[in-house]
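Quick look at input-v1.cif (mmCIF, N, CA and C atoms):
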data_final
#
loop_
_atom_site.label_atom_id
_atom_site.label_comp_id
_atom_site.auth_asym_id
_atom_site.auth_seq_id
_atom_site.Cartn_x
_atom_site.Cartn_y
_atom_site.Cartn_z
N MET A 1 5.16 -6.45 -21.28
CA MET A 1 5.30 -5.11 -20.76
C MET A 1 6.04 -4.23 -21.74
N GLY A 2 7.01 -4.75 -22.45
CA GLY A 2 7.74 -3.98 -23.44
C GLY A 2 9.06 -3.46 -22.92
N ILE A 3 9.86 -3.00 -23.85
CA ILE A 3 11.20 -2.53 -23.52
C ILE A 3 11.15 -1.28 -22.64
N ILE A 4 10.28 -0.33 -22.97
CA ILE A 4 10.21 0.90 -22.19
C ILE A 4 9.78 0.60 -20.76
N GLY A 5 8.81 -0.29 -20.59
CA GLY A 5 8.38 -0.67 -19.25
C GLY A 5 9.49 -1.33 -18.46
N SER A 6 10.27 -2.20 -19.13
CA SER A 6 11.38 -2.87 -18.46
C SER A 6 12.46 -1.88 -18.05
N ILE A 7 12.75 -0.94 -18.93
CA ILE A 7 13.75 0.09 -18.61
C ILE A 7 13.26 0.94 -17.45
N ALA A 8 12.00 1.33 -17.48
CA ALA A 8 11.44 2.14 -16.39
C ALA A 8 11.52 1.39 -15.07
N ASP A 9 11.20 0.08 -15.07
CA ASP A 9 11.29 -0.72 -13.86
C ASP A 9 12.71 -0.76 -13.33
N ARG A 10 13.68 -0.91 -14.22
CA ARG A 10 15.08 -0.94 -13.79
C ARG A 10 15.52 0.39 -13.22
N VAL A 11 15.12 1.48 -13.85
CA VAL A 11 15.46 2.81 -13.34
C VAL A 11 14.86 3.00 -11.95
N ILE A 12 13.61 2.60 -11.77
CA ILE A 12 12.96 2.72 -10.47
C ILE A 12 13.69 1.87 -9.44
N ASP A 13 14.10 0.66 -9.81
CA ASP A 13 14.85 -0.20 -8.89
C ASP A 13 16.16 0.44 -8.45
N VAL A 14 16.88 1.05 -9.39
CA VAL A 14 18.15 1.71 -9.05
C VAL A 14 17.90 2.89 -8.14
N LEU A 15 16.90 3.70 -8.46
CA LEU A 15 16.58 4.85 -7.61
C LEU A 15 16.13 4.40 -6.23
N ASP A 16 15.35 3.32 -6.17
CA ASP A 16 14.89 2.80 -4.89
C ASP A 16 16.05 2.38 -4.01
N ALA A 17 17.09 1.83 -4.60
CA ALA A 17 18.26 1.39 -3.83
C ALA A 17 19.00 2.57 -3.21
N LEU A 18 18.82 3.76 -3.77
CA LEU A 18 19.54 4.94 -3.29
C LEU A 18 18.86 5.64 -2.13
N ILE A 19 17.59 5.34 -1.90
CA ILE A 19 16.86 6.04 -0.85
C ILE A 19 16.39 5.07 0.21
N ASP A 20 15.89 5.58 1.29
CA ASP A 20 15.42 4.81 2.43
C ASP A 20 14.43 3.72 2.00
N ASP A 21 14.50 2.57 2.66
CA ASP A 21 13.65 1.43 2.32
C ASP A 21 12.16 1.75 2.35
N LYS A 22 11.72 2.49 3.38
CA LYS A 22 10.30 2.82 3.50
C LYS A 22 9.85 3.66 2.30
N TYR A 23 10.65 4.63 1.94
CA TYR A 23 10.27 5.50 0.83
C TYR A 23 10.44 4.78 -0.50
N ALA A 24 11.40 3.87 -0.57
CA ALA A 24 11.56 3.07 -1.78
C ALA A 24 10.32 2.20 -2.00
N LEU A 25 9.84 1.59 -0.92
CA LEU A 25 8.64 0.76 -1.01
C LEU A 25 7.43 1.61 -1.37
N MET A 26 7.33 2.80 -0.77
CA MET A 26 6.23 3.69 -1.11
C MET A 26 6.29 4.07 -2.58
N SER A 27 7.47 4.31 -3.10
CA SER A 27 7.64 4.65 -4.51
C SER A 27 7.15 3.52 -5.40
N LYS A 28 7.53 2.29 -5.06
CA LYS A 28 7.07 1.13 -5.85
C LYS A 28 5.56 1.00 -5.81
N ILE A 29 4.99 1.13 -4.63
CA ILE A 29 3.54 0.97 -4.48
C ILE A 29 2.81 2.07 -5.25
N ASN A 30 3.32 3.29 -5.18
CA ASN A 30 2.67 4.39 -5.89
C ASN A 30 2.79 4.26 -7.40
N SER A 31 3.92 3.71 -7.88
CA SER A 31 4.10 3.63 -9.33
C SER A 31 3.64 2.32 -9.94
N ARG A 32 3.72 1.23 -9.19
CA ARG A 32 3.41 -0.09 -9.76
C ARG A 32 2.18 -0.76 -9.15
N GLY A 33 1.73 -0.26 -8.02
CA GLY A 33 0.65 -0.92 -7.29
C GLY A 33 1.22 -1.64 -6.08
N MET A 34 0.34 -2.14 -5.24
CA MET A 34 0.76 -2.86 -4.04
C MET A 34 0.80 -4.35 -4.33
N LYS A 35 2.01 -4.89 -4.43
CA LYS A 35 2.19 -6.32 -4.67
C LYS A 35 2.39 -6.99 -3.32
N ILE A 36 1.41 -7.78 -2.92
CA ILE A 36 1.43 -8.39 -1.60
C ILE A 36 1.27 -9.89 -1.71
N LYS A 37 2.01 -10.60 -0.87
CA LYS A 37 1.97 -12.06 -0.84
C LYS A 37 1.74 -12.51 0.60
N GLY A 38 0.90 -13.51 0.77
CA GLY A 38 0.65 -14.08 2.09
C GLY A 38 0.86 -15.58 2.06
N VAL A 39 1.50 -16.09 3.10
CA VAL A 39 1.71 -17.53 3.26
C VAL A 39 0.87 -17.95 4.48
N TRP A 40 -0.23 -18.64 4.22
CA TRP A 40 -1.21 -18.94 5.26
C TRP A 40 -0.64 -19.80 6.38
N GLU A 41 0.10 -20.84 6.06
CA GLU A 41 0.59 -21.77 7.08
C GLU A 41 1.49 -21.07 8.11
N THR A 42 2.34 -20.18 7.65
CA THR A 42 3.28 -19.50 8.55
C THR A 42 2.82 -18.10 8.94
N LYS A 43 1.72 -17.65 8.35
CA LYS A 43 1.15 -16.31 8.59
C LYS A 43 2.13 -15.20 8.25
N GLU A 44 2.91 -15.41 7.20
CA GLU A 44 3.88 -14.41 6.76
C GLU A 44 3.28 -13.55 5.65
N LEU A 45 3.64 -12.28 5.66
CA LEU A 45 3.24 -11.34 4.63
C LEU A 45 4.48 -10.69 4.02
N PHE A 46 4.40 -10.40 2.72
CA PHE A 46 5.51 -9.79 2.00
C PHE A 46 4.98 -8.70 1.08
N LEU A 47 5.66 -7.58 1.04
CA LEU A 47 5.39 -6.51 0.08
C LEU A 47 6.58 -6.46 -0.86
N TYR A 48 6.35 -6.73 -2.13
CA TYR A 48 7.43 -6.79 -3.11
C TYR A 48 8.58 -7.66 -2.61
N GLY A 49 8.26 -8.77 -1.99
CA GLY A 49 9.27 -9.72 -1.53
C GLY A 49 9.90 -9.37 -0.20
N LEU A 50 9.61 -8.19 0.35
CA LEU A 50 10.17 -7.79 1.64
C LEU A 50 9.22 -8.23 2.75
N PRO A 51 9.75 -8.89 3.78
CA PRO A 51 8.87 -9.37 4.85
C PRO A 51 8.26 -8.23 5.65
N VAL A 52 7.00 -8.40 6.00
CA VAL A 52 6.29 -7.50 6.91
C VAL A 52 6.11 -8.31 8.19
N THR A 53 6.61 -7.80 9.31
CA THR A 53 6.54 -8.56 10.56
C THR A 53 5.76 -7.79 11.62
N PRO A 54 5.23 -8.50 12.60
CA PRO A 54 4.53 -7.82 13.70
C PRO A 54 5.44 -6.87 14.48
N GLN A 55 6.74 -7.09 14.43
CA GLN A 55 7.68 -6.26 15.18
C GLN A 55 7.68 -4.80 14.72
N ILE A 56 7.16 -4.52 13.53
CA ILE A 56 7.11 -3.14 13.07
C ILE A 56 6.22 -2.31 14.00
N LEU A 57 5.22 -2.93 14.60
CA LEU A 57 4.38 -2.22 15.56
C LEU A 57 5.18 -1.85 16.79
N ASP A 58 6.06 -2.75 17.25
CA ASP A 58 6.92 -2.47 18.39
C ASP A 58 7.83 -1.28 18.09
N GLN A 59 8.36 -1.23 16.88
CA GLN A 59 9.27 -0.14 16.48
C GLN A 59 8.57 1.22 16.54
N HIS A 60 7.25 1.21 16.40
CA HIS A 60 6.47 2.45 16.42
C HIS A 60 5.73 2.63 17.75
N SER A 61 6.11 1.83 18.76
CA SER A 61 5.50 1.90 20.10
C SER A 61 3.99 1.72 20.08
N ILE A 62 3.54 0.77 19.26
CA ILE A 62 2.12 0.45 19.18
C ILE A 62 1.91 -0.89 19.87
N PRO A 63 1.12 -0.90 20.95
CA PRO A 63 0.93 -2.16 21.69
C PRO A 63 0.19 -3.20 20.85
N ARG A 64 0.52 -4.45 21.10
CA ARG A 64 -0.16 -5.57 20.42
C ARG A 64 -0.30 -6.71 21.40
N SER A 65 -1.34 -7.50 21.21
CA SER A 65 -1.57 -8.61 22.13
C SER A 65 -1.50 -9.97 21.43
N VAL A 66 -1.26 -9.97 20.13
CA VAL A 66 -1.08 -11.22 19.40
C VAL A 66 0.27 -11.19 18.71
N ASP A 67 0.79 -12.36 18.40
CA ASP A 67 2.13 -12.45 17.83
C ASP A 67 2.17 -12.86 16.37
N GLU A 68 1.00 -13.16 15.79
CA GLU A 68 1.02 -13.53 14.37
C GLU A 68 -0.13 -12.88 13.65
N PHE A 69 0.09 -12.68 12.36
CA PHE A 69 -0.92 -12.08 11.50
C PHE A 69 -2.02 -13.08 11.20
N LYS A 70 -3.16 -12.52 10.87
CA LYS A 70 -4.26 -13.26 10.26
C LYS A 70 -4.77 -12.37 9.15
N TRP A 71 -5.62 -12.91 8.32
CA TRP A 71 -6.28 -12.12 7.28
C TRP A 71 -7.51 -12.87 6.84
N GLY A 72 -8.37 -12.16 6.15
CA GLY A 72 -9.61 -12.76 5.68
C GLY A 72 -10.74 -12.68 6.69
N ASP A 73 -10.54 -11.93 7.78
CA ASP A 73 -11.57 -11.75 8.80
C ASP A 73 -11.32 -10.42 9.50
N ASP A 74 -12.09 -10.15 10.55
CA ASP A 74 -11.90 -8.88 11.27
C ASP A 74 -11.29 -9.11 12.65
N SER A 75 -10.43 -10.11 12.77
CA SER A 75 -9.79 -10.45 14.04
C SER A 75 -8.70 -9.45 14.40
N GLU A 76 -8.18 -9.57 15.61
CA GLU A 76 -7.08 -8.72 16.05
C GLU A 76 -5.83 -8.97 15.21
N GLY A 77 -5.63 -10.21 14.78
CA GLY A 77 -4.49 -10.53 13.91
C GLY A 77 -4.61 -9.85 12.55
N SER A 78 -5.82 -9.74 12.03
CA SER A 78 -6.04 -9.03 10.77
C SER A 78 -5.85 -7.53 10.94
N ASP A 79 -6.32 -7.01 12.06
CA ASP A 79 -6.14 -5.60 12.38
C ASP A 79 -4.65 -5.26 12.46
N MET A 80 -3.90 -6.13 13.12
CA MET A 80 -2.46 -5.94 13.25
C MET A 80 -1.78 -6.03 11.88
N ALA A 81 -2.22 -6.96 11.04
CA ALA A 81 -1.65 -7.10 9.70
C ALA A 81 -1.89 -5.83 8.88
N ALA A 82 -3.09 -5.29 8.96
CA ALA A 82 -3.41 -4.07 8.20
C ALA A 82 -2.48 -2.92 8.60
N LEU A 83 -2.31 -2.74 9.90
CA LEU A 83 -1.46 -1.65 10.37
C LEU A 83 0.01 -1.90 10.02
N ALA A 84 0.47 -3.13 10.16
CA ALA A 84 1.87 -3.46 9.84
C ALA A 84 2.16 -3.22 8.36
N ILE A 85 1.23 -3.59 7.49
CA ILE A 85 1.42 -3.36 6.05
C ILE A 85 1.56 -1.86 5.79
N LEU A 86 0.65 -1.08 6.35
CA LEU A 86 0.68 0.37 6.12
C LEU A 86 1.94 1.01 6.71
N LEU A 87 2.36 0.56 7.88
CA LEU A 87 3.57 1.11 8.50
C LEU A 87 4.83 0.80 7.70
N SER A 88 4.74 -0.19 6.84
CA SER A 88 5.90 -0.56 6.02
C SER A 88 6.26 0.52 5.01
N PHE A 89 5.27 1.36 4.65
CA PHE A 89 5.56 2.39 3.65
C PHE A 89 4.97 3.76 3.96
N LEU A 90 4.21 3.89 5.04
CA LEU A 90 3.64 5.18 5.43
C LEU A 90 4.17 5.60 6.80
N GLU A 91 4.07 6.88 7.07
CA GLU A 91 4.40 7.37 8.41
C GLU A 91 3.29 6.94 9.37
N LYS A 92 3.61 6.89 10.65
CA LYS A 92 2.71 6.36 11.67
C LYS A 92 1.33 7.03 11.66
N ASP A 93 1.28 8.36 11.63
CA ASP A 93 -0.01 9.06 11.68
C ASP A 93 -0.91 8.70 10.50
N GLU A 94 -0.33 8.67 9.30
CA GLU A 94 -1.13 8.33 8.12
C GLU A 94 -1.57 6.87 8.17
N ALA A 95 -0.66 5.98 8.60
CA ALA A 95 -1.00 4.56 8.70
C ALA A 95 -2.17 4.35 9.67
N LEU A 96 -2.11 5.00 10.81
CA LEU A 96 -3.18 4.87 11.80
C LEU A 96 -4.50 5.43 11.27
N SER A 97 -4.44 6.52 10.52
CA SER A 97 -5.68 7.11 10.02
C SER A 97 -6.32 6.27 8.91
N ARG A 98 -5.53 5.50 8.18
CA ARG A 98 -6.06 4.70 7.07
C ARG A 98 -6.32 3.24 7.44
N LYS A 99 -5.88 2.83 8.61
CA LYS A 99 -5.92 1.41 9.00
C LYS A 99 -7.30 0.78 8.90
N ASN A 100 -8.33 1.40 9.46
CA ASN A 100 -9.65 0.77 9.49
C ASN A 100 -10.21 0.54 8.09
N LEU A 101 -10.07 1.53 7.21
CA LEU A 101 -10.53 1.35 5.83
C LEU A 101 -9.70 0.31 5.10
N PHE A 102 -8.40 0.32 5.34
CA PHE A 102 -7.51 -0.64 4.70
C PHE A 102 -7.84 -2.06 5.16
N LEU A 103 -8.12 -2.20 6.45
CA LEU A 103 -8.53 -3.51 6.99
C LEU A 103 -9.79 -3.98 6.27
N ARG A 104 -10.78 -3.11 6.19
CA ARG A 104 -12.06 -3.48 5.57
C ARG A 104 -11.92 -3.77 4.07
N ASP A 105 -11.21 -2.91 3.36
CA ASP A 105 -11.16 -3.01 1.91
C ASP A 105 -10.13 -3.99 1.38
N PHE A 106 -9.10 -4.29 2.17
CA PHE A 106 -8.03 -5.17 1.70
C PHE A 106 -7.89 -6.42 2.57
N VAL A 107 -7.42 -6.25 3.79
CA VAL A 107 -7.01 -7.39 4.62
C VAL A 107 -8.16 -8.35 4.90
N MET A 108 -9.33 -7.84 5.15
CA MET A 108 -10.48 -8.72 5.38
C MET A 108 -10.87 -9.47 4.11
N MET A 109 -10.46 -8.97 2.95
CA MET A 109 -10.79 -9.61 1.67
C MET A 109 -9.72 -10.61 1.20
N PHE A 110 -8.55 -10.59 1.84
CA PHE A 110 -7.52 -11.57 1.46
C PHE A 110 -8.06 -12.97 1.69
N PRO A 111 -7.78 -13.92 0.80
CA PRO A 111 -8.24 -15.29 1.01
C PRO A 111 -7.48 -15.94 2.16
N GLN A 112 -8.15 -16.78 2.91
CA GLN A 112 -7.51 -17.47 4.04
C GLN A 112 -6.74 -18.69 3.51
N GLU A 113 -5.76 -18.38 2.71
CA GLU A 113 -4.88 -19.37 2.09
C GLU A 113 -3.70 -18.58 1.52
N ASP A 114 -2.75 -19.27 0.93
CA ASP A 114 -1.65 -18.57 0.27
C ASP A 114 -2.21 -17.70 -0.85
N PHE A 115 -1.66 -16.53 -1.02
CA PHE A 115 -2.12 -15.64 -2.08
C PHE A 115 -0.99 -14.73 -2.53
N GLU A 116 -1.14 -14.20 -3.71
CA GLU A 116 -0.27 -13.16 -4.23
C GLU A 116 -1.16 -12.26 -5.08
N LEU A 117 -1.23 -10.98 -4.69
CA LEU A 117 -2.15 -10.05 -5.32
C LEU A 117 -1.45 -8.73 -5.64
N LEU A 118 -1.99 -8.03 -6.60
CA LEU A 118 -1.50 -6.70 -6.96
C LEU A 118 -2.71 -5.76 -6.91
N TYR A 119 -2.61 -4.73 -6.08
CA TYR A 119 -3.70 -3.76 -5.91
C TYR A 119 -3.27 -2.38 -6.37
N ASN A 120 -4.21 -1.61 -6.88
CA ASN A 120 -3.96 -0.21 -7.22
C ASN A 120 -4.20 0.60 -5.95
N TYR A 121 -3.16 0.70 -5.12
CA TYR A 121 -3.26 1.41 -3.85
C TYR A 121 -3.57 2.90 -4.06
N VAL A 122 -2.93 3.52 -5.04
CA VAL A 122 -3.11 4.95 -5.26
C VAL A 122 -4.57 5.27 -5.59
N ASP A 123 -5.18 4.49 -6.44
CA ASP A 123 -6.59 4.71 -6.77
C ASP A 123 -7.46 4.58 -5.52
N TRP A 124 -7.20 3.53 -4.72
CA TRP A 124 -7.96 3.33 -3.49
C TRP A 124 -7.76 4.52 -2.55
N ARG A 125 -6.51 4.96 -2.39
CA ARG A 125 -6.20 6.08 -1.50
C ARG A 125 -6.92 7.34 -1.97
N ASN A 126 -6.88 7.60 -3.27
CA ASN A 126 -7.54 8.81 -3.79
C ASN A 126 -9.05 8.76 -3.59
N ARG A 127 -9.64 7.58 -3.75
CA ARG A 127 -11.09 7.46 -3.56
C ARG A 127 -11.48 7.62 -2.09
N ASN A 128 -10.54 7.37 -1.18
CA ASN A 128 -10.85 7.41 0.24
C ASN A 128 -10.18 8.58 0.96
N THR A 129 -9.85 9.61 0.21
CA THR A 129 -9.27 10.82 0.78
C THR A 129 -10.22 11.96 0.51
N PRO A 130 -10.50 12.76 1.52
CA PRO A 130 -11.43 13.88 1.30
C PRO A 130 -10.99 14.77 0.14
N ARG A 131 -11.95 15.22 -0.63
CA ARG A 131 -11.69 16.03 -1.82
C ARG A 131 -10.84 17.26 -1.53
N LYS A 132 -11.05 17.88 -0.38
CA LYS A 132 -10.34 19.13 -0.10
C LYS A 132 -8.83 18.92 0.00
N VAL A 133 -8.39 17.70 0.17
CA VAL A 133 -6.96 17.42 0.26
C VAL A 133 -6.33 17.43 -1.13
N HIS A 134 -7.09 17.10 -2.15
CA HIS A 134 -6.57 17.04 -3.51
C HIS A 134 -6.83 18.34 -4.25
N LYS A 135 -5.95 18.65 -5.17
CA LYS A 135 -6.15 19.80 -6.04
C LYS A 135 -7.30 19.48 -6.99
N LEU A 136 -8.25 20.31 -7.02
CA LEU A 136 -9.38 20.13 -7.93
C LEU A 136 -9.02 20.74 -9.27
N THR A 137 -9.51 20.14 -10.33
CA THR A 137 -9.28 20.69 -11.66
C THR A 137 -10.63 21.05 -12.28
N SER A 138 -10.57 21.89 -13.24
CA SER A 138 -11.78 22.37 -13.90
C SER A 138 -11.49 22.53 -15.38
N ILE A 139 -12.53 22.56 -16.20
CA ILE A 139 -12.31 22.82 -17.62
C ILE A 139 -11.77 24.23 -17.82
N MET A 140 -11.92 25.07 -16.80
CA MET A 140 -11.38 26.42 -16.86
C MET A 140 -9.85 26.39 -16.85
N ASP A 141 -9.26 25.32 -16.36
CA ASP A 141 -7.81 25.20 -16.29
C ASP A 141 -7.21 24.73 -17.61
N GLU A 142 -8.06 24.25 -18.52
CA GLU A 142 -7.56 23.74 -19.79
C GLU A 142 -7.23 24.88 -20.74
N ALA A 143 -6.24 24.65 -21.59
CA ALA A 143 -5.88 25.66 -22.59
C ALA A 143 -7.03 25.84 -23.55
N PRO A 144 -7.24 27.07 -24.03
CA PRO A 144 -8.34 27.29 -24.98
C PRO A 144 -8.12 26.48 -26.26
N GLY A 145 -9.18 25.97 -26.79
CA GLY A 145 -9.11 25.16 -28.01
C GLY A 145 -9.88 25.82 -29.13
N ASN A 146 -10.06 25.08 -30.19
CA ASN A 146 -10.81 25.56 -31.33
C ASN A 146 -12.29 25.24 -31.09
N ASP A 147 -13.07 26.25 -30.85
CA ASP A 147 -14.49 26.06 -30.55
C ASP A 147 -15.34 26.34 -31.76
N ASP A 148 -15.18 25.59 -32.81
CA ASP A 148 -15.98 25.76 -34.01
C ASP A 148 -17.37 25.17 -33.77
N ASP A 149 -18.36 26.00 -33.59
CA ASP A 149 -19.73 25.51 -33.35
C ASP A 149 -20.51 25.48 -34.61
#
Do you think you could lay out the structure here as structure tokens?
Amino acid sequence: MGIIGSIADRVIDVLDALIDDKYALMSKINSRGMKIKGVWETKELFLYGLPVTPQILDQHSIPRSVDEFKWGDDSEGSDMAALAILLSFLEKDEALSRKNLFLRDFVMMFPQEDFELLYNYVDWRNRNTPRKVHKLTSIMDEAPGNDDD
């Protein structure tokens, strides 16, 4: 990674410690990607080493009928895992709006075994967000150059 990358990671870690855990995790995911680990035997999930538990749904008053995560299928446990992961770093409304796509594109694709993966969440989010939400750019916005024809 190099010295500059290591320094940047340390600066991000220090800044993350100064702000709320949810926003710190969102900062890591936006800058480094989504690092997720699953332990199949215990059905545990971790984002950057932080546990993601089904209880996060309770904290957001979201009813659930199962008590453990699943992944690699479209079961209720996988649905719950998708929402719990998103609630770990997004606000409730955004997590709920992205859950179905996240379930399909990520959680259903996790292997039904122990895994550790790194995803480019920002790229996925940008590809799955309506264009009108993003600022559009044009060559008209670029500074004039030397047009020697």
Give me the residues of segment 35-140 of chain A that have any atom at most 8 Å from an atom of segment 23-28 of chain A; for each, the nearest atom pair and the distance in Å, rounded to one decimal. Use all atoms listed in the file, sort by chain and number, and format it as CSV.
residue,atom,partner,partner_atom,distance
A:Lys35,N,A:Lys28,C,7.0
A:Leu47,C,A:Leu25,CA,7.5
A:Tyr48,N,A:Leu25,CA,7.9
A:Ser88,C,A:Met26,N,6.3
A:Phe89,CA,A:Met26,N,4.8
A:Leu90,N,A:Met26,CA,6.5
Item to check | Test item, helix (DSSP H, G or I) assignment across chain A, answer as a VMD selection string | outcome: chain A and resid 3 to 18 21 to 32 55 to 59 76 to 87 92 to 105 107 to 109 121 to 127 131 to 133 139 to 141
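We find atom C of Trp71 of chain A and atom CA of Pro130 of chain A to be spaced 27.6 Å apart.
The result of the PyMOL selection byres (((chain A and resi 123 and name CA) around 12) and name CA) on the shown file is A:Ile29, A:Asn30, A:Ser31, A:Arg32, A:Gly33, A:Met34, A:Tyr119, A:Asn120, A:Tyr121, A:Val122, A:Trp124, A:Arg125, A:Asn126, A:Arg127, A:Asn128, A:Thr129.
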Determine the residue set returned by the PyMOL selection byres (((chain A and resi 100 and name CA) around 12) and name CA) for the present structure, and present it as a compact mmCIF listing (two decimals) with N, CA and C atoms, keeping the file's coordinate frame.
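Dumped everything to out.txt:
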# COMPACT_ATOMS: atom_id res chain seq x y z
N ASP A 74 -12.09 -10.15 10.55
CA ASP A 74 -11.90 -8.88 11.27
C ASP A 74 -11.29 -9.11 12.65
N GLU A 76 -8.18 -9.57 15.61
CA GLU A 76 -7.08 -8.72 16.05
C GLU A 76 -5.83 -8.97 15.21
N SER A 78 -5.82 -9.74 12.03
CA SER A 78 -6.04 -9.03 10.77
C SER A 78 -5.85 -7.53 10.94
N ASP A 79 -6.32 -7.01 12.06
CA ASP A 79 -6.14 -5.60 12.38
C ASP A 79 -4.65 -5.26 12.46
N MET A 80 -3.90 -6.13 13.12
CA MET A 80 -2.46 -5.94 13.25
C MET A 80 -1.78 -6.03 11.88
N ALA A 81 -2.22 -6.96 11.04
CA ALA A 81 -1.65 -7.10 9.70
C ALA A 81 -1.89 -5.83 8.88
N ALA A 82 -3.09 -5.29 8.96
CA ALA A 82 -3.41 -4.07 8.20
C ALA A 82 -2.48 -2.92 8.60
N LEU A 83 -2.31 -2.74 9.90
CA LEU A 83 -1.46 -1.65 10.37
C LEU A 83 0.01 -1.90 10.02
N LEU A 86 0.65 -1.08 6.35
CA LEU A 86 0.68 0.37 6.12
C LEU A 86 1.94 1.01 6.71
N GLU A 94 -0.33 8.67 9.30
CA GLU A 94 -1.13 8.33 8.12
C GLU A 94 -1.57 6.87 8.17
N ALA A 95 -0.66 5.98 8.60
CA ALA A 95 -1.00 4.56 8.70
C ALA A 95 -2.17 4.35 9.67
N LEU A 96 -2.11 5.00 10.81
CA LEU A 96 -3.18 4.87 11.80
C LEU A 96 -4.50 5.43 11.27
N SER A 97 -4.44 6.52 10.52
CA SER A 97 -5.68 7.11 10.02
C SER A 97 -6.32 6.27 8.91
N ARG A 98 -5.53 5.50 8.18
CA ARG A 98 -6.06 4.70 7.07
C ARG A 98 -6.32 3.24 7.44
N LYS A 99 -5.88 2.83 8.61
CA LYS A 99 -5.92 1.41 9.00
C LYS A 99 -7.30 0.78 8.90
N LEU A 101 -10.07 1.53 7.21
CA LEU A 101 -10.53 1.35 5.83
C LEU A 101 -9.70 0.31 5.10
N PHE A 102 -8.40 0.32 5.34
CA PHE A 102 -7.51 -0.64 4.70
C PHE A 102 -7.84 -2.06 5.16
N LEU A 103 -8.12 -2.20 6.45
CA LEU A 103 -8.53 -3.51 6.99
C LEU A 103 -9.79 -3.98 6.27
N ARG A 104 -10.78 -3.11 6.19
CA ARG A 104 -12.06 -3.48 5.57
C ARG A 104 -11.92 -3.77 4.07
N ASP A 105 -11.21 -2.91 3.36
CA ASP A 105 -11.16 -3.01 1.91
C ASP A 105 -10.13 -3.99 1.38
N PHE A 106 -9.10 -4.29 2.17
CA PHE A 106 -8.03 -5.17 1.70
C PHE A 106 -7.89 -6.42 2.57
N VAL A 107 -7.42 -6.25 3.79
CA VAL A 107 -7.01 -7.39 4.62
C VAL A 107 -8.16 -8.35 4.90
N MET A 108 -9.33 -7.84 5.15
CA MET A 108 -10.48 -8.72 5.38
C MET A 108 -10.87 -9.47 4.11
N ASN A 128 -10.54 7.37 -1.18
CA ASN A 128 -10.85 7.41 0.24
C ASN A 128 -10.18 8.58 0.96
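When atom CA of Glu41 of chain A is paired with atom CA of Arg64 of chain A, their separation reads 21.0 Å.
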Next on the checklist: Would you compute the distance between atom C of Leu117 of chain A and atom CA of Ile36 of chain A? Give it in Å to one decimal.
Outcome noted: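 Spanning atom C of Leu117 of chain A to atom CA of Ile36 of chain A is a straight-line distance of 5.0 Å.
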Checklist entry - Among chain A, which ones does DSSP place in strand (DSSP E or B), written as a PyMOL selection string? => result chain A and resi 34-39+44-47+50-52+115-119
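Between Leu57 of chain A and the candidates A:Val39, A:Lys22, A:Ser75, A:Leu87, the tightest atom-to-atom separation, counting all atoms listed in the file, involves A:Leu87.
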Item to check | Close residues, Asp58 of chain A itself excluded, 12 Å, only C-alpha atoms, min 2 positions apart in chain, as an MDAnalysis selection string | outcome: chainID A and resid 53:56 60:67 80 83:84 87 92
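Closest to Asp73 of chain A among A:Gln59, A:Pro51, A:Met109, A:Glu91 is A:Met109, based on all atoms listed in the file.
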